[in-house]
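The file start.tsv comes next; it holds TSV, C-alpha atoms and all ligand atoms.
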chain	number	residue	atom	x	y	z
A	144	MET	CA	164.16	113.32	167.02
A	145	ASP	CA	160.97	111.37	166.40
A	146	HIS	CA	157.92	111.60	168.66
A	147	PRO	CA	156.05	108.45	167.75
A	148	THR	CA	153.49	108.84	170.54
A	149	LYS	CA	152.15	111.90	168.76
A	150	ARG	CA	151.37	109.90	165.63
A	151	THR	CA	147.59	109.64	165.89
A	152	ILE	CA	147.33	106.48	163.83
A	153	LEU	CA	149.70	104.72	166.19
A	154	GLU	CA	147.67	105.87	169.17
A	155	VAL	CA	144.55	104.40	167.58
A	156	LEU	CA	146.39	101.23	166.60
A	157	ALA	CA	147.35	100.91	170.26
A	158	GLY	CA	143.63	100.83	171.07
A	159	ARG	CA	142.65	104.45	171.80
A	160	ALA	CA	139.52	105.96	170.29
A	161	LEU	CA	140.26	109.46	168.96
A	162	LYS	CA	137.79	112.15	167.99
A	163	PRO	CA	138.10	112.99	165.16
A	164	PRO	CA	139.53	109.70	163.86
A	165	PRO	CA	142.85	109.89	162.02
A	166	VAL	CA	142.62	109.63	158.24
A	167	TRP	CA	144.68	108.35	155.32
A	168	LEU	CA	143.50	106.93	151.99
A	169	MET	CA	144.57	103.86	150.08
A	170	ARG	CA	146.26	104.93	146.81
A	171	GLN	CA	146.54	108.46	148.14
A	172	ALA	CA	149.53	108.93	145.82
A	173	GLY	CA	148.73	108.41	142.17
A	174	ARG	CA	147.30	109.49	138.89
A	175	TYR	CA	144.49	111.70	140.28
A	176	LEU	CA	147.22	114.17	141.38
A	177	PRO	CA	148.75	116.42	138.67
A	178	GLU	CA	152.02	116.59	140.64
A	179	TYR	CA	152.20	112.76	140.57
A	180	ARG	CA	151.65	112.68	136.81
A	181	ALA	CA	154.44	115.22	136.36
A	182	VAL	CA	156.95	113.11	138.33
A	183	ARG	CA	155.72	109.93	136.64
A	184	GLU	CA	156.54	111.44	133.24
A	185	THR	CA	160.13	112.13	134.21
A	186	ALA	CA	160.61	108.63	135.67
A	187	GLY	CA	160.01	106.57	132.53
A	188	GLY	CA	158.02	103.47	133.39
A	189	PHE	CA	156.02	102.79	136.55
A	190	LEU	CA	158.58	100.30	137.88
A	191	ASP	CA	161.36	102.82	137.21
A	192	LEU	CA	159.47	105.20	139.49
A	193	CYS	CA	159.13	102.53	142.19
A	194	TYR	CA	162.89	101.86	142.04
A	195	ALA	CA	163.98	105.51	142.11
A	196	PRO	CA	164.12	106.31	145.86
A	197	LYS	CA	164.26	110.06	145.41
A	198	LEU	CA	161.24	110.16	143.08
A	199	ALA	CA	159.31	107.48	144.98
A	200	ALA	CA	159.87	109.43	148.21
A	201	GLU	CA	158.68	112.61	146.50
A	202	VAL	CA	155.39	111.05	145.33
A	203	THR	CA	154.88	109.50	148.79
A	204	LEU	CA	155.12	112.98	150.31
A	205	GLN	CA	152.95	114.80	147.75
A	206	PRO	CA	149.56	113.88	149.26
A	207	ILE	CA	150.86	114.70	152.76
A	208	ARG	CA	151.82	118.21	151.68
A	209	ARG	CA	148.56	118.75	149.84
A	210	PHE	CA	146.09	117.23	152.31
A	211	GLY	CA	147.93	116.76	155.63
A	212	PHE	CA	146.89	113.12	156.07
A	213	ASP	CA	147.76	111.49	159.40
A	214	ALA	CA	149.83	108.85	157.63
A	215	ALA	CA	151.89	108.45	154.49
A	216	ILE	CA	151.98	105.12	152.68
A	217	LEU	CA	155.20	104.11	151.00
A	218	PHE	CA	155.00	104.50	147.23
A	219	ALA	CA	155.68	101.07	145.78
A	220	ASP	CA	153.55	98.21	144.45
A	221	ILE	CA	152.54	94.73	145.57
A	222	LEU	CA	154.07	93.37	142.35
A	223	LEU	CA	157.59	94.42	143.36
A	224	VAL	CA	157.83	91.09	145.20
A	225	PRO	CA	157.37	88.91	142.08
A	226	ASP	CA	159.59	91.36	140.21
A	227	ALA	CA	162.34	91.00	142.82
A	228	LEU	CA	161.95	87.21	142.62
A	229	GLY	CA	162.85	87.48	138.94
A	230	GLN	CA	159.42	86.73	137.47
A	231	GLY	CA	159.59	89.46	134.86
A	232	VAL	CA	156.99	92.15	135.59
A	233	ARG	CA	156.02	94.84	133.09
A	234	PHE	CA	153.46	97.61	133.32
A	235	VAL	CA	151.86	98.13	129.95
A	236	GLU	CA	150.57	101.69	129.53
A	237	GLY	CA	146.78	101.74	129.73
A	238	GLU	CA	146.58	97.97	130.28
A	239	GLY	CA	148.06	97.25	133.69
A	240	PRO	CA	150.61	94.69	134.84
A	241	ARG	CA	151.91	91.75	132.83
A	242	LEU	CA	153.98	88.89	134.31
A	243	ASP	CA	155.39	85.68	132.79
A	244	PRO	CA	152.90	83.30	134.44
A	245	VAL	CA	153.99	80.81	137.11
A	246	ARG	CA	151.33	78.11	137.06
A	247	SER	CA	152.84	74.90	138.41
A	248	ALA	CA	155.30	73.71	141.01
A	249	SER	CA	157.88	73.19	138.25
A	250	ASP	CA	157.62	76.87	137.27
A	251	LEU	CA	158.74	77.80	140.79
A	252	GLY	CA	162.30	76.99	139.76
A	253	ARG	CA	162.30	80.24	137.78
A	254	LEU	CA	161.98	82.25	140.99
A	255	ASP	CA	165.05	83.12	143.01
A	256	PRO	CA	164.60	84.39	146.60
A	257	GLY	CA	168.35	85.02	146.69
A	258	LYS	CA	167.78	87.77	144.13
A	259	THR	CA	165.31	89.83	146.16
A	260	SER	CA	167.63	91.71	148.49
A	261	GLU	CA	168.96	94.05	145.83
A	262	LYS	CA	165.54	95.45	144.87
A	263	PHE	CA	164.23	95.37	148.44
A	264	ALA	CA	167.19	97.51	149.51
A	265	ILE	CA	166.12	100.16	147.00
A	266	VAL	CA	162.64	100.27	148.53
A	267	ALA	CA	164.18	100.49	152.02
A	268	GLU	CA	166.09	103.53	150.85
A	269	THR	CA	162.79	105.16	149.81
A	270	VAL	CA	161.38	104.43	153.28
A	271	ALA	CA	164.39	106.04	154.96
A	272	ARG	CA	164.14	109.12	152.75
A	273	VAL	CA	160.43	109.52	153.41
A	274	ARG	CA	160.86	109.13	157.16
A	275	GLN	CA	163.51	111.80	157.14
A	276	ASP	CA	161.33	114.32	155.28
A	277	LEU	CA	157.99	113.48	156.87
A	278	PRO	CA	156.59	115.69	159.66
A	279	SER	CA	157.28	113.92	162.94
A	280	GLU	CA	153.54	113.67	163.73
A	281	THR	CA	152.84	111.81	160.47
A	282	ALA	CA	153.09	108.02	160.58
A	283	LEU	CA	154.69	106.05	157.77
A	284	ILE	CA	152.94	102.89	156.62
A	285	GLY	CA	154.97	100.15	154.91
A	286	PHE	CA	153.16	97.45	152.95
A	287	CYS	CA	153.20	94.41	150.76
A	288	GLY	CA	150.59	92.26	149.08
A	289	SER	CA	149.39	89.23	150.99
A	290	PRO	CA	150.64	85.93	149.59
A	291	TRP	CA	147.25	84.90	148.14
A	292	THR	CA	146.71	88.16	146.24
A	293	VAL	CA	150.29	88.29	144.94
A	294	ALA	CA	149.97	84.64	143.87
A	295	THR	CA	146.83	85.48	141.84
A	296	TYR	CA	148.88	87.91	139.74
A	297	MET	CA	151.82	85.51	139.52
A	298	ALA	CA	149.62	82.66	138.25
A	299	GLY	CA	147.40	84.81	136.03
A	300	GLY	CA	150.22	86.82	134.53
A	301	ARG	CA	147.92	89.84	134.87
A	302	GLY	CA	144.96	91.14	136.85
A	303	SER	CA	141.85	89.03	136.35
A	304	PRO	CA	138.22	89.40	137.43
A	305	ASP	CA	138.01	85.90	138.95
A	306	GLN	CA	141.61	84.89	139.83
A	307	ALA	CA	140.87	81.63	137.99
A	308	ASP	CA	144.48	80.54	137.38
A	309	ALA	CA	145.46	80.65	141.04
A	310	ARG	CA	142.21	79.07	142.19
A	311	LEU	CA	142.56	76.23	139.69
A	312	TRP	CA	146.19	75.61	140.60
A	313	ALA	CA	145.26	75.55	144.29
A	314	TYR	CA	142.44	73.03	143.66
A	315	ARG	CA	144.45	70.79	141.34
A	316	ASP	CA	147.76	70.75	143.20
A	317	ALA	CA	147.33	72.21	146.68
A	318	ASP	CA	150.77	71.07	147.83
A	319	GLY	CA	152.52	72.66	144.86
A	320	PHE	CA	150.56	75.89	145.30
A	321	ALA	CA	151.42	75.82	149.02
A	322	ARG	CA	155.10	76.00	148.04
A	323	LEU	CA	154.47	79.27	146.21
A	324	ILE	CA	152.54	80.64	149.20
A	325	GLU	CA	155.34	79.59	151.59
A	326	LEU	CA	157.92	81.26	149.39
A	327	LEU	CA	155.86	84.45	149.37
A	328	VAL	CA	155.44	84.36	153.16
A	329	GLU	CA	159.19	84.09	153.60
A	330	VAL	CA	160.24	86.86	151.21
A	331	SER	CA	157.39	89.16	152.23
A	332	VAL	CA	158.37	88.94	155.91
A	333	ALA	CA	161.97	89.78	154.97
A	334	TYR	CA	160.70	92.69	152.84
A	335	LEU	CA	158.52	94.14	155.62
A	336	ASP	CA	161.31	93.63	158.14
A	337	LEU	CA	163.54	95.81	155.95
A	338	GLN	CA	160.82	98.45	155.63
A	339	ILE	CA	160.35	98.54	159.40
A	340	CYS	CA	164.09	98.72	160.04
A	341	ALA	CA	164.26	101.63	157.58
A	342	GLY	CA	161.55	103.60	159.42
A	343	ALA	CA	158.04	102.27	158.70
A	344	ASP	CA	155.88	102.71	161.84
A	345	CYS	CA	153.34	100.06	160.92
A	346	VAL	CA	152.58	97.82	157.95
A	347	GLN	CA	149.54	96.89	155.91
A	348	LEU	CA	149.00	93.57	154.12
A	349	PHE	CA	146.87	94.10	151.00
A	350	ASP	CA	144.74	91.03	150.27
A	351	SER	CA	142.67	92.57	147.51
A	352	TRP	CA	141.39	89.23	146.19
A	353	ALA	CA	140.66	87.48	149.50
A	354	GLY	CA	136.98	87.61	148.59
A	355	SER	CA	137.25	85.11	145.73
A	356	LEU	CA	137.76	82.10	148.02
A	357	PRO	CA	135.27	79.75	149.72
A	358	GLU	CA	135.76	79.35	153.45
A	359	ASP	CA	138.16	76.38	153.62
A	360	GLU	CA	140.39	77.90	150.95
A	361	PHE	CA	140.12	81.31	152.61
A	362	ASP	CA	141.43	79.71	155.77
A	363	ARG	CA	144.29	77.95	154.03
A	364	TRP	CA	145.45	80.63	151.57
A	365	VAL	CA	144.45	83.87	153.31
A	366	THR	CA	144.20	83.36	157.07
A	367	MET	CA	147.00	80.87	157.72
A	368	PRO	CA	149.75	82.59	155.68
A	369	THR	CA	148.74	85.92	157.25
A	370	ARG	CA	148.96	84.33	160.70
A	371	THR	CA	152.48	83.10	159.95
A	372	MET	CA	153.53	86.53	158.68
A	373	VAL	CA	152.06	88.36	161.68
A	374	ALA	CA	153.77	85.97	164.10
A	375	ALA	CA	157.14	86.38	162.37
A	376	LEU	CA	156.82	90.17	162.30
A	377	LYS	CA	155.69	90.33	165.94
A	378	GLN	CA	158.69	88.28	166.95
A	379	LYS	CA	161.08	90.70	165.28
A	380	HIS	CA	159.13	93.90	165.99
A	381	PRO	CA	156.68	93.39	168.86
A	382	GLY	CA	155.62	97.03	168.94
A	383	VAL	CA	154.91	97.46	165.24
A	384	PRO	CA	151.19	97.19	164.40
A	385	VAL	CA	149.98	95.13	161.45
A	386	ILE	CA	146.86	96.10	159.48
A	387	GLY	CA	145.25	93.32	157.44
A	388	PHE	CA	143.05	94.18	154.47
A	389	PRO	CA	141.24	91.01	153.39
A	390	ARG	CA	139.00	92.68	150.83
A	391	GLY	CA	135.71	90.88	150.39
A	392	ALA	CA	136.10	88.77	153.56
A	393	GLY	CA	132.62	89.73	154.79
A	394	GLN	CA	131.50	87.43	157.62
A	395	LYS	CA	134.88	85.68	157.55
A	396	ALA	CA	136.54	88.81	158.93
A	397	GLU	CA	135.88	87.88	162.55
A	398	ARG	CA	137.71	84.58	162.30
A	399	TYR	CA	140.45	86.24	160.23
A	400	ILE	CA	141.08	88.66	163.10
A	401	ALA	CA	141.02	85.96	165.77
A	402	GLU	CA	143.29	83.58	163.88
A	403	THR	CA	145.81	85.98	162.33
A	404	GLY	CA	146.48	88.31	165.26
A	405	VAL	CA	146.35	91.46	163.13
A	406	ASP	CA	146.03	94.65	165.15
A	407	ALA	CA	143.65	96.28	162.70
A	408	ILE	CA	141.36	95.29	159.88
A	409	GLY	CA	140.80	97.22	156.67
A	410	CYS	CA	137.08	97.09	155.84
A	411	ASP	CA	135.97	97.21	152.23
A	412	THR	CA	133.11	99.25	150.86
A	413	ALA	CA	130.65	96.34	150.94
A	414	MET	CA	131.12	95.68	154.65
A	415	PRO	CA	128.06	96.80	156.64
A	416	LEU	CA	128.73	99.37	159.38
A	417	ALA	CA	126.99	97.01	161.83
A	418	LEU	CA	129.64	94.37	161.10
A	419	MET	CA	132.41	96.94	161.55
A	420	GLN	CA	130.85	97.74	164.94
A	421	ASP	CA	130.87	94.02	165.82
A	422	LEU	CA	134.52	93.71	164.80
A	423	ALA	CA	135.65	96.84	166.67
A	424	PRO	CA	136.07	95.17	170.09
A	425	HIS	CA	138.42	92.62	168.49
A	426	ALA	CA	140.59	94.80	166.24
A	427	VAL	CA	140.95	98.43	165.25
A	428	VAL	CA	138.70	99.04	162.26
A	429	GLN	CA	139.78	101.01	159.20
A	430	GLY	CA	137.60	102.10	156.30
A	431	ASN	CA	135.21	102.07	154.52
A	432	LEU	CA	134.00	104.97	152.35
A	433	ASP	CA	133.17	104.03	148.75
A	434	PRO	CA	135.94	105.46	146.49
A	435	LEU	CA	133.21	106.43	144.03
A	436	LEU	CA	131.56	108.63	146.67
A	437	LEU	CA	134.86	110.47	146.70
A	438	VAL	CA	134.47	110.96	142.95
A	439	ALA	CA	130.84	112.08	143.35
A	440	GLY	CA	131.57	114.38	146.30
A	441	GLY	CA	128.88	116.78	147.55
A	442	ALA	CA	126.01	115.95	149.87
A	443	ALA	CA	126.10	112.19	149.22
A	444	MET	CA	129.72	111.99	150.36
A	445	ALA	CA	129.13	114.27	153.35
A	446	GLU	CA	126.18	112.19	154.52
A	447	ARG	CA	128.08	108.92	154.37
A	448	VAL	CA	131.15	110.34	156.11
A	449	GLY	CA	128.83	111.41	158.94
A	450	GLU	CA	127.29	107.93	159.14
A	451	ILE	CA	130.65	106.18	159.28
A	452	LYS	CA	131.99	108.54	161.94
A	453	GLN	CA	128.86	108.21	164.02
A	454	ALA	CA	128.71	104.41	163.76
A	455	LEU	CA	132.28	104.07	165.04
A	456	ALA	CA	132.41	106.96	167.51
A	457	GLY	CA	133.96	105.81	170.77
A	458	GLN	CA	135.80	102.91	169.06
A	459	PRO	CA	139.37	102.93	167.79
A	460	HIS	CA	138.75	103.76	164.12
A	461	ILE	CA	141.00	104.91	161.28
A	462	PHE	CA	139.07	106.71	158.56
A	463	ASN	CA	139.86	105.40	155.06
A	464	LEU	CA	138.21	104.29	151.84
A	465	GLY	CA	136.96	100.77	151.26
A	466	HIS	CA	139.43	100.45	148.34
A	467	GLY	CA	141.94	102.68	146.56
A	468	ILE	CA	141.35	106.16	145.14
A	469	VAL	CA	140.47	105.96	141.45
A	470	PRO	CA	142.26	108.13	138.85
A	471	GLN	CA	139.20	110.27	137.99
A	472	THR	CA	138.91	111.55	141.60
A	473	PRO	CA	138.91	115.37	141.79
A	474	PRO	CA	141.65	116.41	144.27
A	475	GLU	CA	139.26	119.07	145.70
A	476	HIS	CA	136.96	116.27	146.86
A	477	VAL	CA	139.85	114.73	148.79
A	478	ALA	CA	140.48	118.06	150.53
A	479	GLU	CA	136.76	118.28	151.30
A	480	LEU	CA	136.77	114.72	152.70
A	481	VAL	CA	139.63	115.48	155.08
A	482	LYS	CA	137.73	118.57	156.27
A	483	LEU	CA	134.57	116.52	156.83
A	484	VAL	CA	136.44	113.82	158.76
A	485	ARG	CA	138.09	116.43	160.97
A	486	GLY	CA	135.04	118.68	161.25
B	1	LIG	O1	150.24	104.45	135.84
B	1	LIG	C1	150.62	104.50	137.01
B	1	LIG	O2	151.19	105.48	137.48
B	1	LIG	C2	150.42	103.26	137.82
B	1	LIG	C3	149.24	103.23	138.73
B	1	LIG	C4	149.67	102.54	140.03
B	1	LIG	C5	149.97	103.17	141.24
B	1	LIG	C6	149.93	104.64	141.55
B	1	LIG	C7	149.89	101.15	140.19
B	1	LIG	C8	149.79	100.10	139.15
B	1	LIG	N1	150.32	100.94	141.48
B	1	LIG	C9	150.38	102.14	142.17
B	1	LIG	C10	150.86	102.36	143.53
B	1	LIG	C11	150.38	101.47	144.60
B	1	LIG	N2	149.85	100.22	144.47
B	1	LIG	C12	150.46	101.76	145.97
B	1	LIG	C13	151.19	103.01	146.49
B	1	LIG	C14	150.83	103.71	147.66
B	1	LIG	C15	149.47	104.40	147.74
B	1	LIG	O3	148.51	103.73	148.12
B	1	LIG	O4	149.41	105.61	147.50
B	1	LIG	C16	149.90	100.68	146.67
B	1	LIG	C17	149.68	100.51	148.16
B	1	LIG	C18	149.52	99.71	145.70
B	1	LIG	C19	148.93	98.41	146.01
B	1	LIG	C20	148.45	97.53	144.92
B	1	LIG	N3	148.96	97.34	143.65
B	1	LIG	C21	147.36	96.62	145.06
B	1	LIG	C22	146.59	96.43	146.35
B	1	LIG	C23	145.53	97.44	146.55
B	1	LIG	C24	144.41	97.43	145.55
B	1	LIG	O5	144.29	98.41	144.82
B	1	LIG	O6	143.65	96.43	145.51
B	1	LIG	C25	147.20	95.94	143.84
B	1	LIG	C26	146.16	94.89	143.53
B	1	LIG	C27	148.22	96.39	142.96
B	1	LIG	C28	148.47	95.92	141.58
B	1	LIG	C29	148.41	97.02	140.61
B	1	LIG	N4	149.37	97.97	140.49
B	1	LIG	C30	148.99	98.90	139.55
B	1	LIG	C31	147.72	98.50	139.03
B	1	LIG	C32	146.96	99.21	137.96
B	1	LIG	C33	147.34	97.34	139.74
B	1	LIG	C34	146.02	96.58	139.58
B	1	LIG	C35	146.11	95.64	138.46
B	1	LIG	C36	144.85	94.88	138.17
B	1	LIG	O7	144.35	94.11	139.01
B	1	LIG	O8	144.39	94.99	137.03
In structure tokens, how does this file's structure come out?
Amino acid sequence: MDHPTKRTILEVLAGRALKPPPVWLMRQAGRYLPEYRAVRETAGGFLDLCYAPKLAAEVTLQPIRRFGFDAAILFADILLVPDALGQGVRFVEGEGPRLDPVRSASDLGRLDPGKTSEKFAIVAETVARVRQDLPSETALIGFCGSPWTVATYMAGGRGSPDQADARLWAYRDADGFARLIELLVEVSVAYLDLQICAGADCVQLFDSWAGSLPEDEFDRWVTMPTRTMVAALKQKHPGVPVIGFPRGAGQKAERYIAETGVDAIGCDTAMPLALMQDLAPHAVVQGNLDPLLLVAGGAAMAERVGEIKQALAGQPHIFNLGHGIVPQTPPEHVAELVKLVRG
């Protein structure tokens, strides 16, 4: 029997300030953990691991066993959505993702939303397995990429420093680009619905490249699609909190919160603590330790953890990084961080 009220992250997402704040870390499963690398080797490719529910559940649970985080995040990737749409996604060892680019409205014909359910069902099976094996006090976070960020990979065919292909498409043919965004909204809502039905307690929308857009485009491609997704999810699952992570939003975060209706906002490393304090009355704040401080460890990390905790004491706050854990992170520093947050 589950006891969801004991899941500290859910208490905070419902608006309670807890001392100490609950903690989980973006990319808490991954290459910095030797036990992850061992499973990864047996799986074959990265996508094979994502589509093997038993192995994906195992790597989701590994950081919970090792560090006792307050939440697990489903092991998957934001690029499973374009993969499920039939775009053709590969992960090239040492180079990152490669996709057959979709750069115009006519390319959209290559994508088939009817195809997605088969792969989404595999991910839902991972969610169900994790929920079954997770301690009842640990929350399970489902996720997907936000439409804008996923579209940047779909148009670029790979990660890019400036997201130029998507930005150019959006400037040159906004209506055609809007069709891609609408398609992503629709399939991503269906995907998160499945994750929630399978046992996810809350969901996070990763908008890693939200920061590359000027304000009107931010509104159109980040805020509005997120608003549609939140509304659709709230209609199906009124009690399930949604965390938005519009990385790089800066001053635009306040409007993002007001317009989208997210319950919580992930704050990146660059966001000043004073701005997090200003946002706190409007949404639960999550973040924002620099992932490189977690690599450095020691006194510098301890000092910053203290500052973040102090700045947000008395507010509903979820301790996290400002972006994902990097592969060179020493696992001992992660253990030390959890101790500092809880100390
Ligand atoms: O070699 C390996 O084992 C692959 C490394 C790896 C891992 C562990 C990738 C490739 N993805 C993941 C898992 C992952 N990705 C999770 C799992 C849960 C957890 O957090 O522990 C999550 C939530 C993601 C999300 C994700 N994937 C984002 C959003 C967050 C962020 O980091 O900004 C993005 C942008 C991706 C794309 C992606 N997947 C993998 C890589 C190397 C990238 C970045 C590509 C690039 O921009 O160059």
So that I can check the surroundings of A:Ser247, please list as a list in words every protein, DNA and RNA residue that reaches within 9 Å of it, counting only C-alpha atoms and ignoring chain neighbours fewer than 6 positions away.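 Those residues are Ala298, Trp312, Asp316, Gly319 and Phe320 of chain A.
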Within 12 Å of A:Val484 using all atoms listed in the file, minus same-chain residues under 4 positions, as a PyMOL selection string: chain A and resi 161-168+212-213+432+444-453+456+460-464+477-480
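Take the candidates A:Ala341, A:Val293, A:Val266, A:Leu436 and check each one against ligand LIG 1 (chain B) using only C-alpha atoms and all ligand atoms; the shortest distance goes to A:Val293.
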Could the residues that lie within 6 Å of ligand LIG 1 (chain B), counting only C-alpha atoms and all ligand atoms, be listed as number ranges by chain? A: 169-174, 189, 216-221, 239-240, 302, 349, 351, 467
Stretch 271-281 of chain A surroundings by all atoms listed in the file, 7 Å radius, close-in-sequence under 4 positions cut, as a PyMOL selection string: chain A and resi 145-146+149-150+200+213-215+267+341-342
Output as JSON the centre and edge lengths (Å, one decimal) of the box along x, y and z of the file that holds every listed atom of stretch 337-348 of chain A after adding 6 Å on each side.
{"center_x": 156.6, "center_y": 98.6, "center_z": 158.0, "size_x": 27.3, "size_y": 22.0, "size_z": 19.7}
